[in-house]
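Structure file query_25.txt with compact mmCIF, C-alpha atoms:
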```
# COMPACT_ATOMS: atom_id res chain seq x y z
CA GLY A 112 -59.38 54.89 -264.93
CA TYR A 113 -62.01 52.36 -265.97
CA ARG A 114 -61.29 52.75 -269.68
CA LYS A 115 -57.57 52.20 -269.13
CA VAL A 116 -58.26 48.92 -267.29
CA CYS A 117 -60.54 47.83 -270.13
CA ASP A 118 -57.69 48.45 -272.56
CA MET A 119 -55.50 45.92 -270.73
CA HIS A 120 -53.72 43.51 -273.05
CA LEU A 121 -50.91 40.97 -272.87
CA SER A 122 -47.44 42.36 -273.51
CA PRO A 123 -45.76 41.17 -276.73
CA ALA A 124 -42.62 40.72 -274.57
CA PHE A 125 -44.31 37.74 -272.91
CA ASN A 126 -44.30 34.51 -274.89
CA ALA A 127 -43.83 30.77 -274.41
CA GLU A 128 -40.04 31.00 -274.22
CA SER A 129 -40.08 33.83 -271.67
CA ALA A 130 -42.59 31.82 -269.61
CA VAL A 131 -40.25 28.81 -269.58
CA ALA A 132 -37.30 31.03 -268.63
CA ALA A 133 -39.33 32.51 -265.76
CA LEU A 134 -40.44 29.09 -264.51
CA VAL A 135 -36.93 27.61 -264.65
CA GLY A 136 -35.39 30.69 -263.04
CA GLY A 137 -38.01 30.60 -260.32
CA ALA A 138 -37.40 26.90 -259.73
CA GLY A 139 -33.70 27.67 -259.27
CA ILE A 140 -34.50 30.33 -256.68
CA GLY A 141 -36.82 27.96 -254.83
CA LEU A 142 -34.19 25.21 -254.84
CA VAL A 143 -31.27 27.26 -253.49
CA ALA A 144 -33.48 28.91 -250.86
CA THR A 145 -34.63 25.47 -249.72
CA ILE A 146 -31.07 24.13 -249.53
CA TYR A 147 -29.99 27.19 -247.55
CA ALA A 148 -32.90 26.93 -245.10
CA ALA A 149 -32.46 23.18 -244.62
CA THR A 150 -28.71 23.41 -243.98
CA ASN A 151 -28.58 26.67 -242.00
CA HIS A 152 -31.80 26.12 -240.05
CA HIS A 153 -33.14 29.55 -240.85
CA ARG A 154 -34.40 31.16 -243.99
CA MET A 155 -32.20 32.59 -246.68
CA PRO A 156 -31.64 36.29 -245.81
CA SER A 157 -33.70 38.74 -247.82
CA SER A 158 -33.98 41.71 -245.48
CA SER A 159 -30.67 41.52 -243.64
CA PHE A 160 -27.06 41.55 -244.80
CA ASN A 161 -25.19 38.26 -245.08
CA ALA A 162 -21.58 38.65 -246.25
CA GLN A 163 -21.34 35.14 -247.70
CA VAL A 164 -24.63 35.04 -249.60
CA HIS A 165 -24.37 38.60 -250.86
CA ALA A 166 -20.75 38.15 -251.94
CA GLY A 167 -21.90 35.28 -254.15
CA MET A 168 -24.72 37.41 -255.56
CA ILE A 169 -22.43 40.33 -256.38
CA VAL A 170 -19.75 38.22 -258.06
CA ALA A 171 -22.23 36.18 -260.11
CA SER A 172 -24.14 39.32 -261.10
CA ALA A 173 -20.93 41.07 -262.20
CA ILE A 174 -19.91 38.10 -264.33
CA ALA A 175 -23.37 37.73 -265.85
CA SER A 176 -23.71 41.43 -266.64
CA SER A 177 -20.31 41.57 -268.33
CA ILE A 178 -20.99 38.51 -270.49
CA LEU A 179 -24.74 38.64 -271.09
CA ALA A 180 -25.58 42.35 -270.90
CA PRO A 181 -27.05 42.75 -274.41
CA GLN A 182 -29.31 39.71 -274.07
CA PHE A 183 -30.44 39.66 -270.45
CA PHE A 184 -30.10 43.24 -269.22
CA GLU A 185 -31.73 46.48 -270.34
CA ALA A 186 -28.61 48.61 -270.19
CA GLU A 187 -29.99 51.46 -272.30
CA PHE A 188 -32.80 52.16 -269.85
CA MET A 189 -30.46 51.99 -266.87
CA LYS A 190 -28.06 54.45 -268.52
CA SER A 191 -30.84 57.01 -268.94
CA ALA A 192 -32.51 56.40 -265.58
CA SER A 193 -32.27 59.00 -262.82
CA LEU A 194 -29.71 57.96 -260.20
CA THR A 195 -31.61 59.95 -257.58
CA ARG A 196 -34.81 58.13 -258.41
CA LEU A 197 -33.08 54.74 -258.39
CA ALA A 198 -31.44 55.50 -255.03
CA PHE A 199 -34.75 56.62 -253.51
CA ALA A 200 -36.47 53.49 -254.82
CA GLY A 201 -33.68 51.36 -253.35
CA VAL A 202 -34.05 53.00 -249.94
CA LEU A 203 -37.82 52.48 -249.95
CA THR A 204 -37.43 48.85 -251.01
CA GLY A 205 -34.83 48.20 -248.31
CA ALA A 206 -36.90 49.89 -245.61
CA GLY A 207 -40.04 48.04 -246.64
CA SER A 208 -38.24 44.70 -246.71
CA LYS A 209 -36.80 45.34 -243.26
CA MET A 210 -40.15 46.31 -241.76
CA GLY A 211 -41.88 43.36 -243.42
CA GLN A 212 -39.04 40.98 -242.51
CA GLY A 213 -38.56 39.86 -246.10
CA CYS A 214 -39.08 40.79 -249.74
CA THR A 215 -40.36 38.75 -252.69
CA CYS A 216 -38.00 35.90 -251.78
CA GLY A 217 -38.40 36.19 -248.01
CA ASN A 218 -42.18 36.43 -247.90
CA GLY A 219 -43.36 35.61 -251.42
CA ILE A 220 -41.38 32.37 -251.71
CA GLN A 221 -39.99 31.23 -248.36
CA GLY A 222 -42.83 32.62 -246.26
CA LEU A 223 -45.50 31.11 -248.50
CA ALA A 224 -43.60 27.81 -248.62
CA ALA A 225 -43.76 27.81 -244.81
CA LEU A 226 -47.51 28.51 -245.06
CA SER A 227 -47.10 31.73 -243.08
CA PRO A 228 -50.31 33.83 -242.89
CA ALA A 229 -48.20 36.94 -242.17
CA SER A 230 -46.20 36.38 -245.35
CA GLY A 231 -49.40 35.89 -247.33
CA ALA A 232 -50.73 39.21 -246.08
CA PHE A 233 -47.41 40.92 -246.79
CA VAL A 234 -47.39 39.65 -250.38
CA VAL A 235 -50.90 41.00 -250.99
CA VAL A 236 -49.99 44.39 -249.52
CA PHE A 237 -46.68 44.88 -251.35
CA MET A 238 -48.11 43.72 -254.67
CA ALA A 239 -51.05 46.13 -254.30
CA ALA A 240 -48.76 49.00 -253.26
CA GLY A 241 -46.37 48.20 -256.12
CA ALA A 242 -49.22 48.15 -258.64
CA ALA A 243 -50.50 51.50 -257.39
CA ALA A 244 -47.02 53.07 -257.56
CA ALA A 245 -46.40 51.66 -261.05
CA ALA A 246 -49.73 53.00 -262.30
CA LEU A 247 -49.30 56.45 -260.75
CA GLY A 248 -45.72 56.86 -261.98
CA ASP A 249 -46.38 55.13 -265.30
CA GLN A 250 -43.01 54.49 -267.00
CA SER A 251 -44.25 51.90 -269.49
CA ALA A 252 -43.91 54.19 -272.50
CA ALA A 253 -40.24 54.88 -271.68
CA LEU A 254 -39.29 51.23 -271.30
CA ARG A 255 -37.86 49.31 -274.25
CA PRO A 256 -38.24 45.60 -273.43
CA THR A 257 -35.51 43.37 -274.83
CA PRO A 258 -36.43 39.86 -276.02
CA THR A 259 -36.28 37.18 -273.35
CA SER A 260 -34.87 33.78 -274.22
CA PHE A 261 -34.31 30.61 -272.24
CA SER A 262 -30.63 29.85 -271.69
CA TRP A 263 -29.42 26.27 -271.24
CA PRO A 264 -25.97 27.46 -270.05
CA LEU A 265 -27.59 29.56 -267.32
CA ALA A 266 -29.84 26.69 -266.30
CA ALA A 267 -26.82 24.36 -266.13
CA ALA A 268 -24.83 26.93 -264.15
CA ALA A 269 -27.62 27.37 -261.60
CA ALA A 270 -28.09 23.60 -261.24
CA GLY A 271 -24.34 23.04 -260.88
CA LEU A 272 -23.97 25.76 -258.26
CA ALA A 273 -26.95 24.40 -256.31
CA ALA A 274 -25.49 20.87 -256.39
CA VAL A 275 -22.14 22.05 -255.03
CA GLN A 276 -23.97 24.26 -252.51
CA LEU A 277 -25.66 21.15 -251.10
CA ALA A 278 -22.50 19.03 -251.22
CA ALA A 279 -20.44 21.67 -249.40
CA ALA A 280 -23.03 22.50 -246.75
CA ARG A 281 -21.80 20.10 -244.06
CA ASN A 282 -18.03 20.60 -244.19
CA HIS A 283 -17.77 24.01 -245.87
CA PRO A 284 -20.84 26.04 -244.85
CA ALA A 285 -19.32 29.40 -245.81
CA LEU A 286 -18.58 28.20 -249.35
CA SER A 287 -22.06 26.69 -249.54
CA ASN A 288 -23.62 30.05 -248.68
CA VAL A 289 -21.48 31.89 -251.25
CA LEU A 290 -22.61 29.40 -253.91
CA CYS A 291 -26.20 29.90 -252.78
CA GLY A 292 -25.90 33.60 -253.55
CA GLY A 293 -24.31 32.85 -256.91
CA ALA A 294 -27.01 30.38 -257.93
CA PHE A 295 -29.69 32.82 -256.78
CA ALA A 296 -28.25 35.60 -258.96
CA VAL A 297 -27.90 33.31 -261.99
CA SER A 298 -31.52 32.19 -261.55
CA LEU A 299 -32.69 35.81 -261.38
CA VAL A 300 -30.90 36.52 -264.66
CA GLN A 301 -32.43 33.40 -266.23
CA ALA A 302 -35.88 34.57 -265.17
CA SER A 303 -35.18 38.10 -266.55
CA MET A 304 -35.99 39.62 -263.17
CA VAL A 305 -33.07 42.00 -263.70
CA LYS A 306 -35.05 43.77 -266.42
CA PRO A 307 -37.01 46.86 -265.28
CA SER A 308 -39.59 46.20 -268.00
CA LYS A 309 -40.44 42.81 -266.47
CA ILE A 310 -41.18 44.26 -263.03
CA ASP A 311 -43.04 47.28 -264.37
CA GLY A 312 -44.84 45.09 -266.89
CA PHE A 313 -46.21 42.88 -264.13
CA LEU A 314 -47.20 45.60 -261.67
CA ASN A 315 -48.51 48.10 -264.23
CA PHE A 316 -51.03 45.71 -265.73
CA ALA A 317 -52.84 48.42 -267.67
CA GLY A 318 -49.69 50.14 -269.00
CA ALA A 319 -49.17 51.06 -272.62
CA ALA A 320 -46.77 48.14 -273.17
CA GLY A 321 -49.31 45.60 -271.92
CA TRP A 322 -49.30 43.19 -268.98
CA ASP A 323 -46.33 40.84 -268.56
CA PRO A 324 -47.12 37.99 -266.10
CA SER A 325 -43.50 36.75 -265.97
CA LEU A 326 -43.11 37.57 -262.25
CA ALA A 327 -46.06 35.30 -261.43
CA PHE A 328 -44.33 32.48 -263.32
CA VAL A 329 -41.13 33.08 -261.34
CA MET A 330 -42.92 32.87 -258.01
CA GLY A 331 -44.94 29.92 -259.25
CA GLY A 332 -41.82 28.05 -260.35
CA ALA A 333 -40.15 28.76 -257.01
CA LEU A 334 -43.15 27.54 -255.02
CA LEU A 335 -43.52 24.41 -257.16
CA VAL A 336 -40.07 23.43 -255.85
CA ALA A 337 -40.00 24.98 -252.39
CA LEU A 338 -43.50 24.22 -251.09
CA PRO A 339 -43.39 20.40 -251.34
CA LEU A 340 -39.75 20.22 -250.19
CA TRP A 341 -40.37 22.42 -247.16
CA LEU A 342 -43.35 20.30 -246.19
CA VAL A 343 -41.73 16.90 -246.82
CA PHE A 344 -38.42 17.69 -245.11
CA GLY A 345 -39.84 19.87 -242.36
CA VAL A 346 -37.90 22.94 -243.45
CA ALA A 347 -40.73 25.24 -242.34
CA GLU A 348 -40.46 24.01 -238.75
CA ALA A 349 -36.67 24.35 -238.78
CA SER A 350 -36.76 27.91 -240.06
CA SER A 351 -39.59 29.54 -238.17
CA SER A 352 -38.22 33.09 -238.19
CA ILE A 353 -38.13 35.24 -241.31
CA LYS A 354 -34.67 36.70 -241.92
```
So that I can check it, write out the structure of this file as C-alpha cells.
Amino acid sequence: GYRKVCDMHLSPAFNAESAVAALVGGAGIGLVATIYAATNHHRMPSSSFNAQVHAGMIVASAIASSILAPQFFEAEFMKSASLTRLAFAGVLTGAGSKMGQGCTCGNGIQGLAALSPASGAFVVVFMAAGAAAAALGDQSAALRPTPTSFSWPLAAAAAGLAAVQLAAARNHPALSNVLCGGAFAVSLVQASMVKPSKIDGFLNFAGAAGWDPSLAFVMGGALLVALPLWLVFGVAEASSSIK
C-alpha cells in the first residue's frame, strides 16, 4: 500500500547506457512507422495482421534471438514461465489492442504523433490497467534482469533497413513493408523491449527490483522522430484511421 509506494526506488538495471539504447530503439520505431504511414497512406498495423510487415518482424526476431539471445533476451525467465499464463496474456493483449484499435505503437506512438485525443485516452487507460495488473500479480522478485547495452551494429542495421524501406516504397511496396517489419523488430531488440523485466519494471513502479523508466524513453525517442515528421509532412492527415 502506501508504505510500498514510499519504498519506490530506481532499478539498478536502468543506467545511462540503457537509456541511450531505449532512446535510439524508440527513434528507430518512430522512423519506420513514419515511413510506412507516409508511403502506404495509413498507419503501420498494430492491431491487425499484415503478412508483409509481420513476416519481416518474425524473420528479424528469429535472427536476432539466435545471435543475440544471451545479451538482449532473458531466456532463462522465458524457459521457466508458464505457457498457459503467457498464452492467456497474449490473448488479452490481442483483444485489448483490437478493441482499442492499436497498442503501444498504434496509439502510444502513431496515435499521439497524429495528436489523436482518443489515442491519448487509450494510452492513459492501458498504462493504468497495466500498472494495476503488474502490482497485483507482482513478479518482480522472480525476474532476473540482464544488463542492457547499446549496440552500434543493431543501430546500423535498423538505419540501413529503414533507408532501403524508404527507397523501395515506390517501386517495391511489398519489399518495403517487409523491411519495415524487420527494422521495427531490430529497434525493439535495441531498446530491450523484448525483456520481460523491462516491461514489468516500468509498470510495477513499486516492485522489489525498483522502477525502470526505459519504456518511457522508448516512447519518447519514437515521438521525438514521429511527431515533427508527421506534422511537417502531413502524415497525420494522410493516415486518419488507426489500423
Among listed residues A:Asn151, A:Ser122, A:Gln182, A:Ser308, nearest Ser251 in chain A (using only C-alpha atoms) = A:Ser308
What is the distance, in Å and to one decimal place, between CA of Val143 in chain A and CA of Ala200 in chain A?
-> 26.8 Å
Of the candidates A:Gly248, A:Gly292, A:Gly219, A:Pro339, which shows the shortest atom-to-atom distance to Asp311 in chain A, using only C-alpha atoms?
-> A:Gly248
Which one is closest to Phe313 in chain A: A:Leu272, A:Val202, A:Val289, A:Ala327? Count all atoms listed in the file.
-> A:Ala327
Residue nearest Ala132 in chain A among A:Phe233, A:Phe183, A:Phe316, A:Trp322 (counting all atoms listed in the file) =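 Result for the nearest residue to Ala132 in chain A: A:Phe183.
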Determine the nearest neighbour of Met304 in chain A from the options A:Ser193, A:Asn161, A:Asn288, A:Thr259, counting all atoms listed in the file.
->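 Checking each candidate against Met304 in chain A, we get A:Thr259 as the closest.
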Using the structure just given, write a file holding N, CA, C and O atoms for range 115-138 of chain A, as a PDB file, in the first residue's frame.
```
ATOM      1  N   LYS A 115       4.590   0.711   0.542  1.00  0.00           N
ATOM      2  CA  LYS A 115       5.264   0.140  -0.621  1.00  0.00           C
ATOM      3  C   LYS A 115       5.595   1.221  -1.634  1.00  0.00           C
ATOM      4  O   LYS A 115       6.670   1.233  -2.230  1.00  0.00           O
ATOM      5  N   VAL A 116       4.652   2.163  -1.853  1.00  0.00           N
ATOM      6  CA  VAL A 116       4.900   3.266  -2.785  1.00  0.00           C
ATOM      7  C   VAL A 116       6.039   4.132  -2.287  1.00  0.00           C
ATOM      8  O   VAL A 116       6.885   4.594  -3.051  1.00  0.00           O
ATOM      9  N   CYS A 117       6.096   4.349  -0.974  1.00  0.00           N
ATOM     10  CA  CYS A 117       7.162   5.171  -0.393  1.00  0.00           C
ATOM     11  C   CYS A 117       8.525   4.507  -0.548  1.00  0.00           C
ATOM     12  O   CYS A 117       9.550   5.182  -0.535  1.00  0.00           O
ATOM     13  N   ASP A 118       8.532   3.180  -0.679  1.00  0.00           N
ATOM     14  CA  ASP A 118       9.785   2.454  -0.839  1.00  0.00           C
ATOM     15  C   ASP A 118      10.267   2.434  -2.291  1.00  0.00           C
ATOM     16  O   ASP A 118      11.273   1.804  -2.603  1.00  0.00           O
ATOM     17  N   MET A 119       9.569   3.107  -3.172  1.00  0.00           N
ATOM     18  CA  MET A 119       9.913   3.121  -4.596  1.00  0.00           C
ATOM     19  C   MET A 119      11.339   3.638  -4.799  1.00  0.00           C
ATOM     20  O   MET A 119      11.760   4.614  -4.196  1.00  0.00           O
ATOM     21  N   HIS A 120      12.085   2.942  -5.664  1.00  0.00           N
ATOM     22  CA  HIS A 120      13.444   3.349  -5.969  1.00  0.00           C
ATOM     23  C   HIS A 120      13.759   3.002  -7.420  1.00  0.00           C
ATOM     24  O   HIS A 120      13.057   2.194  -8.047  1.00  0.00           O
ATOM     25  N   LEU A 121      14.783   3.604  -7.967  1.00  0.00           N
ATOM     26  CA  LEU A 121      15.160   3.360  -9.348  1.00  0.00           C
ATOM     27  C   LEU A 121      15.860   2.017  -9.469  1.00  0.00           C
ATOM     28  O   LEU A 121      16.720   1.670  -8.657  1.00  0.00           O
ATOM     29  N   SER A 122      15.493   1.255 -10.485  1.00  0.00           N
ATOM     30  CA  SER A 122      16.087  -0.059 -10.688  1.00  0.00           C
ATOM     31  C   SER A 122      17.563   0.057 -11.067  1.00  0.00           C
ATOM     32  O   SER A 122      17.936   0.905 -11.883  1.00  0.00           O
ATOM     33  N   PRO A 123      18.422  -0.788 -10.509  1.00  0.00           N
ATOM     34  CA  PRO A 123      19.837  -0.789 -10.901  1.00  0.00           C
ATOM     35  C   PRO A 123      20.025  -1.229 -12.355  1.00  0.00           C
ATOM     36  O   PRO A 123      21.086  -1.029 -12.937  1.00  0.00           O
ATOM     37  N   ALA A 124      18.974  -1.830 -12.961  1.00  0.00           N
ATOM     38  CA  ALA A 124      19.057  -2.239 -14.364  1.00  0.00           C
ATOM     39  C   ALA A 124      18.953  -1.050 -15.311  1.00  0.00           C
ATOM     40  O   ALA A 124      19.249  -1.171 -16.503  1.00  0.00           O
ATOM     41  N   PHE A 125      18.535   0.106 -14.775  1.00  0.00           N
ATOM     42  CA  PHE A 125      18.432   1.309 -15.599  1.00  0.00           C
ATOM     43  C   PHE A 125      19.643   2.195 -15.370  1.00  0.00           C
ATOM     44  O   PHE A 125      19.952   2.570 -14.250  1.00  0.00           O
ATOM     45  N   ASN A 126      20.354   2.509 -16.439  1.00  0.00           N
ATOM     46  CA  ASN A 126      21.520   3.377 -16.351  1.00  0.00           C
ATOM     47  C   ASN A 126      21.631   4.214 -17.623  1.00  0.00           C
ATOM     48  O   ASN A 126      20.750   4.160 -18.493  1.00  0.00           O
ATOM     49  N   ALA A 127      22.708   4.974 -17.741  1.00  0.00           N
ATOM     50  CA  ALA A 127      22.850   5.868 -18.891  1.00  0.00           C
ATOM     51  C   ALA A 127      22.871   5.095 -20.211  1.00  0.00           C
ATOM     52  O   ALA A 127      22.248   5.516 -21.202  1.00  0.00           O
ATOM     53  N   GLU A 128      23.553   3.955 -20.236  1.00  0.00           N
ATOM     54  CA  GLU A 128      23.645   3.199 -21.478  1.00  0.00           C
ATOM     55  C   GLU A 128      22.297   2.593 -21.876  1.00  0.00           C
ATOM     56  O   GLU A 128      21.930   2.587 -23.054  1.00  0.00           O
ATOM     57  N   SER A 129      21.548   2.104 -20.889  1.00  0.00           N
ATOM     58  CA  SER A 129      20.237   1.538 -21.201  1.00  0.00           C
ATOM     59  C   SER A 129      19.279   2.633 -21.648  1.00  0.00           C
ATOM     60  O   SER A 129      18.393   2.393 -22.481  1.00  0.00           O
ATOM     61  N   ALA A 130      19.448   3.855 -21.122  1.00  0.00           N
ATOM     62  CA  ALA A 130      18.617   4.976 -21.546  1.00  0.00           C
ATOM     63  C   ALA A 130      18.901   5.337 -22.999  1.00  0.00           C
ATOM     64  O   ALA A 130      17.980   5.606 -23.789  1.00  0.00           O
ATOM     65  N   VAL A 131      20.172   5.333 -23.389  1.00  0.00           N
ATOM     66  CA  VAL A 131      20.547   5.626 -24.779  1.00  0.00           C
ATOM     67  C   VAL A 131      19.998   4.535 -25.704  1.00  0.00           C
ATOM     68  O   VAL A 131      19.453   4.837 -26.773  1.00  0.00           O
ATOM     69  N   ALA A 132      20.127   3.278 -25.292  1.00  0.00           N
ATOM     70  CA  ALA A 132      19.607   2.169 -26.098  1.00  0.00           C
ATOM     71  C   ALA A 132      18.104   2.301 -26.294  1.00  0.00           C
ATOM     72  O   ALA A 132      17.577   2.074 -27.398  1.00  0.00           O
ATOM     73  N   ALA A 133      17.390   2.687 -25.238  1.00  0.00           N
ATOM     74  CA  ALA A 133      15.938   2.860 -25.323  1.00  0.00           C
ATOM     75  C   ALA A 133      15.574   4.020 -26.244  1.00  0.00           C
ATOM     76  O   ALA A 133      14.649   3.912 -27.061  1.00  0.00           O
ATOM     77  N   LEU A 134      16.287   5.128 -26.126  1.00  0.00           N
ATOM     78  CA  LEU A 134      16.020   6.288 -26.987  1.00  0.00           C
ATOM     79  C   LEU A 134      16.278   5.973 -28.454  1.00  0.00           C
ATOM     80  O   LEU A 134      15.466   6.309 -29.328  1.00  0.00           O
ATOM     81  N   VAL A 135      17.402   5.329 -28.736  1.00  0.00           N
ATOM     82  CA  VAL A 135      17.753   5.008 -30.126  1.00  0.00           C
ATOM     83  C   VAL A 135      16.788   3.964 -30.692  1.00  0.00           C
ATOM     84  O   VAL A 135      16.328   4.082 -31.833  1.00  0.00           O
ATOM     85  N   GLY A 136      16.459   2.958 -29.900  1.00  0.00           N
ATOM     86  CA  GLY A 136      15.489   1.963 -30.346  1.00  0.00           C
ATOM     87  C   GLY A 136      14.136   2.589 -30.609  1.00  0.00           C
ATOM     88  O   GLY A 136      13.475   2.292 -31.615  1.00  0.00           O
ATOM     89  N   GLY A 137      13.715   3.479 -29.722  1.00  0.00           N
ATOM     90  CA  GLY A 137      12.454   4.176 -29.920  1.00  0.00           C
ATOM     91  C   GLY A 137      12.469   5.046 -31.157  1.00  0.00           C
ATOM     92  O   GLY A 137      11.489   5.110 -31.909  1.00  0.00           O
ATOM     93  N   ALA A 138      13.588   5.726 -31.398  1.00  0.00           N
ATOM     94  CA  ALA A 138      13.708   6.560 -32.595  1.00  0.00           C
ATOM     95  C   ALA A 138      13.575   5.714 -33.860  1.00  0.00           C
ATOM     96  O   ALA A 138      12.949   6.134 -34.844  1.00  0.00           O
TER      97      ALA A 138
END
```
